[in-house]
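*Asks:* Below you'll find protein.txt; it's compact mmCIF, C-alpha atoms.
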# COMPACT_ATOMS: atom_id res chain seq x y z
CA MET A 16 -2.59 37.33 22.70
CA VAL A 17 -4.85 37.27 25.79
CA LEU A 18 -7.84 36.11 23.73
CA ALA A 19 -5.75 33.38 22.11
CA LEU A 20 -4.48 32.19 25.51
CA ALA A 21 -8.01 32.22 26.95
CA LEU A 22 -9.20 30.17 23.97
CA LEU A 23 -6.32 27.70 24.42
CA ILE A 24 -7.12 27.22 28.10
CA SER A 25 -10.88 26.97 27.47
CA LEU A 26 -10.50 24.35 24.75
CA GLY A 27 -7.98 22.46 26.90
CA LEU A 28 -10.38 22.30 29.84
CA ALA A 29 -13.32 21.44 27.58
CA GLY A 30 -11.29 18.67 25.96
CA LEU A 31 -10.35 17.19 29.34
CA ALA A 32 -14.00 17.25 30.38
CA MET A 33 -15.04 15.51 27.14
CA ILE A 34 -12.70 12.51 27.51
CA PRO A 35 -14.64 10.65 30.26
CA LEU A 36 -17.80 11.19 28.22
CA GLY A 37 -16.33 9.20 25.36
CA LEU A 38 -16.06 12.30 23.18
CA PRO A 39 -12.99 13.33 21.17
CA GLY A 40 -11.47 15.55 23.86
CA LEU A 41 -7.86 14.99 22.83
CA TRP A 42 -8.68 16.27 19.36
CA VAL A 43 -10.43 19.34 20.76
CA MET A 44 -7.25 20.07 22.73
CA VAL A 45 -5.10 19.62 19.61
CA GLY A 46 -7.48 21.95 17.78
CA GLY A 47 -7.09 24.50 20.56
CA ILE A 48 -3.32 24.44 20.18
CA LEU A 49 -3.61 24.82 16.40
CA VAL A 50 -6.04 27.73 16.78
CA TYR A 51 -3.73 29.36 19.31
CA GLY A 52 -0.84 28.97 16.88
CA TRP A 53 -2.86 30.44 14.03
CA LEU A 54 -4.06 33.41 16.10
CA THR A 55 -0.50 34.20 17.19
CA GLY A 56 1.10 33.69 13.79
CA PHE A 57 2.72 30.43 14.93
CA ARG A 58 5.34 32.42 16.85
CA SER A 59 5.49 30.03 19.81
CA VAL A 60 3.67 26.99 18.44
CA GLY A 61 5.88 25.41 15.84
CA VAL A 62 6.02 22.23 13.84
CA ALA A 63 7.60 20.31 16.71
CA THR A 64 4.76 21.21 19.08
CA ILE A 65 2.15 20.28 16.51
CA VAL A 66 3.83 16.94 15.75
CA ILE A 67 4.11 16.15 19.47
CA VAL A 68 0.46 16.86 20.30
CA LEU A 69 -0.76 15.02 17.19
CA GLY A 70 1.38 12.03 18.16
CA ILE A 71 0.01 12.04 21.70
CA ALA A 72 -3.58 12.23 20.43
CA PHE A 73 -3.02 9.31 18.03
CA LEU A 74 -1.37 7.36 20.86
CA GLY A 75 -4.48 7.99 22.97
CA GLU A 76 -6.72 6.51 20.30
CA ILE A 77 -4.47 3.45 19.92
CA ILE A 78 -4.40 2.91 23.69
CA ASP A 79 -8.18 3.34 23.88
CA ASN A 80 -8.79 0.53 21.41
CA TRP A 81 -5.96 -1.69 22.63
CA LEU A 82 -7.03 -1.68 26.28
CA GLY A 83 -10.54 -2.89 25.46
CA PHE A 84 -9.09 -5.86 23.60
CA ARG A 85 -6.42 -6.53 26.22
CA PHE A 86 -8.72 -6.56 29.23
CA ALA A 87 -11.42 -8.63 27.54
CA LYS A 88 -8.76 -11.25 26.76
CA ARG A 89 -7.12 -10.89 30.17
CA TYR A 90 -10.41 -11.75 31.81
CA GLY A 91 -10.62 -14.98 29.85
CA GLY A 92 -12.15 -13.92 26.56
CA SER A 93 -10.96 -14.57 23.05
CA SER A 94 -10.01 -12.04 20.39
CA ARG A 95 -13.63 -12.21 19.34
CA SER A 96 -14.68 -10.69 22.69
CA GLY A 97 -12.26 -7.81 22.04
CA TRP A 98 -14.03 -7.05 18.77
CA GLY A 99 -17.36 -7.32 20.56
CA ALA A 100 -16.18 -4.82 23.18
CA LEU A 101 -15.10 -2.37 20.49
CA ILE A 102 -18.26 -2.65 18.40
CA GLY A 103 -20.55 -2.77 21.42
CA GLY A 104 -18.89 0.27 22.95
CA LEU A 105 -19.35 2.30 19.78
CA VAL A 106 -22.97 1.24 19.36
CA GLY A 107 -23.70 1.83 23.05
CA ALA A 108 -22.18 5.31 22.95
CA ALA A 109 -24.28 6.19 19.90
CA VAL A 110 -27.46 4.82 21.47
CA GLY A 111 -26.79 6.75 24.70
CA VAL A 112 -26.32 10.13 23.00
CA PRO A 113 -29.94 11.31 23.47
CA ILE A 114 -29.48 11.17 27.27
CA ALA A 115 -27.71 14.41 28.12
CA ILE A 116 -24.07 14.39 29.26
CA ILE A 117 -23.72 10.87 30.69
CA GLY A 118 -25.78 8.86 28.21
CA SER A 119 -22.89 8.14 25.87
CA VAL A 120 -20.63 7.13 28.76
CA ILE A 121 -23.14 4.73 30.27
CA GLY A 122 -24.04 3.44 26.81
CA ALA A 123 -20.39 2.82 25.97
CA PHE A 124 -19.79 0.85 29.17
CA ILE A 125 -22.97 -1.19 28.81
CA GLY A 126 -22.34 -1.69 25.09
CA SER A 127 -18.77 -2.86 25.73
CA PHE A 128 -20.00 -5.37 28.29
CA ILE A 129 -22.82 -6.69 26.11
CA GLY A 130 -20.71 -6.75 22.94
CA ALA A 131 -17.82 -8.62 24.56
CA ALA A 132 -20.14 -11.04 26.34
CA LEU A 133 -22.23 -11.80 23.24
CA PHE A 134 -19.26 -12.22 20.94
CA GLU A 135 -17.51 -14.45 23.49
CA PHE A 136 -20.64 -16.49 24.15
CA SER A 137 -21.07 -17.08 20.42
CA TYR A 138 -17.53 -18.49 20.41
CA SER A 139 -17.17 -20.39 23.71
CA ARG A 140 -20.81 -21.21 24.55
CA HIS A 141 -19.97 -20.70 28.25
CA ALA A 142 -21.90 -17.99 30.09
CA GLY A 143 -19.25 -17.68 32.81
CA ILE A 144 -16.45 -17.03 30.34
CA ALA A 145 -18.63 -14.59 28.41
CA THR A 146 -19.52 -12.67 31.58
CA ARG A 147 -15.86 -12.42 32.64
CA ALA A 148 -14.92 -11.17 29.17
CA GLY A 149 -17.69 -8.56 29.43
CA TRP A 150 -16.38 -7.33 32.78
CA GLY A 151 -12.90 -7.24 31.31
CA ALA A 152 -14.19 -4.99 28.54
CA VAL A 153 -15.71 -2.62 31.13
CA VAL A 154 -12.45 -2.51 33.09
CA GLY A 155 -10.59 -1.89 29.82
CA ARG A 156 -12.88 1.00 28.92
CA ALA A 157 -12.33 2.58 32.35
CA ALA A 158 -8.56 2.11 32.07
CA ALA A 159 -8.61 3.64 28.59
CA ALA A 160 -10.49 6.71 29.85
CA ALA A 161 -7.92 7.16 32.63
CA ALA A 162 -5.03 6.80 30.18
CA LYS A 163 -6.58 9.31 27.78
CA ILE A 164 -7.12 11.81 30.60
CA ALA A 165 -3.44 11.46 31.54
CA LEU A 166 -2.46 12.04 27.90
CA GLY A 167 -4.82 15.02 27.81
CA VAL A 168 -2.97 16.54 30.76
CA VAL A 169 0.30 16.04 28.85
CA ILE A 170 -1.18 17.76 25.78
CA ALA A 171 -2.35 20.66 27.99
CA VAL A 172 1.10 21.03 29.53
CA VAL A 173 2.80 20.94 26.11
CA GLY A 174 0.34 23.52 24.77
CA LEU A 175 0.74 25.85 27.73
CA PHE A 176 4.51 25.48 27.69
CA ALA A 177 4.59 26.40 24.00
CA ALA A 178 2.20 29.31 24.53
CA LEU A 179 4.10 30.75 27.48
CA SER A 180 7.58 30.37 26.03
Show this structure as structure tokens.

*Replies:*
Amino acid sequence: MVLALALLISLGLAGLAMIPLGLPGLWVMVGGILVYGWLTGFRSVGVATIVIVLGIAFLGEIIDNWLGFRFAKRYGGSSRSGWGALIGGLVGAAVGVPIAIIGSVIGAFIGSFIGAALFEFSYSRHAGIATRAGWGAVVGRAAAAAAKIALGVVIAVVGLFAALS
């Protein structure tokens, strides 16, 4: 029981730390809850808890993608800039992986900016609009990270509540 609780807390903290780095922290936290349930014979972690944390993790992924689109458009870009932000962010995160710890974060932000700006420029042919769309994508990525951290805290609370009840 103590080992299972220590593992739950460790994976929860690790998951929260992974989110700003653009890594799948919410899923690590969900995995921690599932492992805790398995180690304790699913006495306190039931189907309802599992469904709730899975739903929150999926919601986090939806919000992550939606905010990039929303902010790129809010800053004057087209839907095309939203796609550029998404693709650029993924490529940037992958390119930044070799730089320890913060490479994927910096790469994702830079990639979102470049992707949104290039895709918007190819559509509007106006550098000013493309630059604003790029900044919108960066703001969207930051807002998405904040939202996912908040959802991660909710997952941690749900997991601890289930474990301690």

*Asks:* One number please: CA of Trp98 (chain A) to CA of Val45 (chain A), in Å, one decimal.

*Replies:*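 Here the two named atoms are 28.1 Å from each other.
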
*Asks:* Of the residues A:Ala152, A:Met33, A:Leu166, A:Leu26, which is the one nearest to Ser94 (chain A), using only C-alpha atoms?

*Replies:* A:Ala152

*Asks:* Rank nothing, just name the residue among A:Gly97, A:Gly27, A:Gly151, A:Gly70 nearest to Val50 (chain A), using all atoms listed in the file.

*Replies:* A:Gly27

*Asks:* Fewer than 3 positions away in the same chain doesn't count, so skip those; otherwise give me all residues within 7 Å of Gly149 (chain A), counting only C-alpha atoms, as a VMD selection string.

*Replies:* chain A and resid 87 127 to 129 131 to 132 145 to 146 152 to 153

*Asks:* In terms of the shortest atom-to-atom distance over all atoms listed in the file, which of A:Leu38, A:Ala100, A:Ala19, A:Leu28 is closest to Phe57 (chain A)?

*Replies:* A:Ala19

*Asks:* Using only C-alpha atoms, determine which residues lie at most 9 Å from Tyr138 (chain A), disregarding the query and same-chain residues fewer than 3 positions distant; provide the list as a list in words.

*Replies:*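 The filter keeps Ser93, Arg95, Ser96, Leu133, Phe134, Glu135, His141 and Ala145 of chain A.
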
*Asks:* How many Å lie between CA of Ile77 (chain A) and CA of Leu101 (chain A), rounded to one decimal?

*Replies:* 12.1 Å

*Asks:* Rounded to one decimal place, report the CA of Gly30 (chain A)-CA of Gly130 (chain A) distance in Å.

*Replies:*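 CA of Gly130 (chain A) lies at a distance of 27.3 Å from CA of Gly30 (chain A).
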
*Asks:* Export C-alpha atoms of region 44-109 of chain A from the structure just given, as an mmCIF file, in the first residue's frame?

*Replies:*
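What ended up in selection.cif:
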data_model
loop_
_atom_site.group_PDB
_atom_site.id
_atom_site.type_symbol
_atom_site.label_atom_id
_atom_site.label_comp_id
_atom_site.auth_asym_id
_atom_site.auth_seq_id
_atom_site.Cartn_x
_atom_site.Cartn_y
_atom_site.Cartn_z
ATOM 1 C CA MET A 44 -0.493 10.635 -14.360
ATOM 2 C CA VAL A 45 -3.332 8.470 -15.698
ATOM 3 C CA GLY A 46 -0.872 5.578 -15.894
ATOM 4 C CA GLY A 47 0.112 6.192 -12.282
ATOM 5 C CA ILE A 48 -3.509 5.949 -11.186
ATOM 6 C CA LEU A 49 -3.984 2.744 -13.178
ATOM 7 C CA VAL A 50 -0.815 1.232 -11.697
ATOM 8 C CA TYR A 51 -1.946 2.229 -8.213
ATOM 9 C CA GLY A 52 -5.299 0.577 -8.846
ATOM 10 C CA TRP A 53 -3.648 -2.585 -10.134
ATOM 11 C CA LEU A 54 -1.224 -2.788 -7.198
ATOM 12 C CA THR A 55 -4.080 -2.402 -4.701
ATOM 13 C CA GLY A 56 -6.486 -4.755 -6.450
ATOM 14 C CA PHE A 57 -8.647 -1.835 -7.612
ATOM 15 C CA ARG A 58 -10.101 -1.536 -4.102
ATOM 16 C CA SER A 59 -10.246 2.265 -4.110
ATOM 17 C CA VAL A 60 -9.707 3.048 -7.787
ATOM 18 C CA GLY A 61 -12.802 1.989 -9.647
ATOM 19 C CA VAL A 62 -14.282 2.375 -13.085
ATOM 20 C CA ALA A 63 -15.644 5.828 -12.270
ATOM 21 C CA THR A 64 -12.203 7.124 -11.277
ATOM 22 C CA ILE A 65 -10.610 5.655 -14.379
ATOM 23 C CA VAL A 66 -13.283 7.129 -16.662
ATOM 24 C CA ILE A 67 -12.929 10.548 -15.009
ATOM 25 C CA VAL A 68 -9.135 10.744 -15.333
ATOM 26 C CA LEU A 69 -9.218 9.425 -18.907
ATOM 27 C CA GLY A 70 -11.841 12.037 -19.778
ATOM 28 C CA ILE A 71 -9.757 14.812 -18.232
ATOM 29 C CA ALA A 72 -6.642 13.673 -20.118
ATOM 30 C CA PHE A 73 -8.529 13.595 -23.436
ATOM 31 C CA LEU A 74 -9.970 17.025 -22.656
ATOM 32 C CA GLY A 75 -6.419 18.281 -22.104
ATOM 33 C CA GLU A 76 -5.349 17.087 -25.533
ATOM 34 C CA ILE A 77 -8.387 18.685 -27.187
ATOM 35 C CA ILE A 78 -7.753 21.986 -25.404
ATOM 36 C CA ASP A 79 -4.069 21.853 -26.336
ATOM 37 C CA ASN A 80 -4.843 21.631 -30.044
ATOM 38 C CA TRP A 81 -7.827 23.976 -29.951
ATOM 39 C CA LEU A 82 -6.007 26.847 -28.237
ATOM 40 C CA GLY A 83 -3.260 26.923 -30.865
ATOM 41 C CA PHE A 84 -5.862 27.299 -33.592
ATOM 42 C CA ARG A 85 -7.953 29.787 -31.623
ATOM 43 C CA PHE A 86 -5.136 32.162 -30.747
ATOM 44 C CA ALA A 87 -3.575 32.089 -34.209
ATOM 45 C CA LYS A 88 -6.970 33.106 -35.626
ATOM 46 C CA ARG A 89 -7.629 35.580 -32.817
ATOM 47 C CA TYR A 90 -4.425 37.389 -33.696
ATOM 48 C CA GLY A 91 -5.586 37.837 -37.269
ATOM 49 C CA GLY A 92 -4.605 34.582 -38.923
ATOM 50 C CA SER A 93 -6.691 32.222 -40.994
ATOM 51 C CA SER A 94 -7.464 28.569 -40.313
ATOM 52 C CA ARG A 95 -4.371 27.833 -42.341
ATOM 53 C CA SER A 96 -2.218 29.524 -39.684
ATOM 54 C CA GLY A 97 -3.810 27.258 -37.067
ATOM 55 C CA TRP A 98 -2.684 24.202 -39.022
ATOM 56 C CA GLY A 99 0.752 25.757 -39.388
ATOM 57 C CA ALA A 100 0.946 26.288 -35.622
ATOM 58 C CA LEU A 101 0.014 22.662 -34.975
ATOM 59 C CA ILE A 102 2.412 21.177 -37.524
ATOM 60 C CA GLY A 103 5.201 23.615 -36.706
ATOM 61 C CA GLY A 104 4.852 22.951 -32.988
ATOM 62 C CA LEU A 105 5.128 19.203 -33.480
ATOM 63 C CA VAL A 106 8.117 19.510 -35.807
ATOM 64 C CA GLY A 107 9.792 22.043 -33.520
ATOM 65 C CA ALA A 108 9.336 19.829 -30.471
ATOM 66 C CA ALA A 109 10.853 16.873 -32.328
#
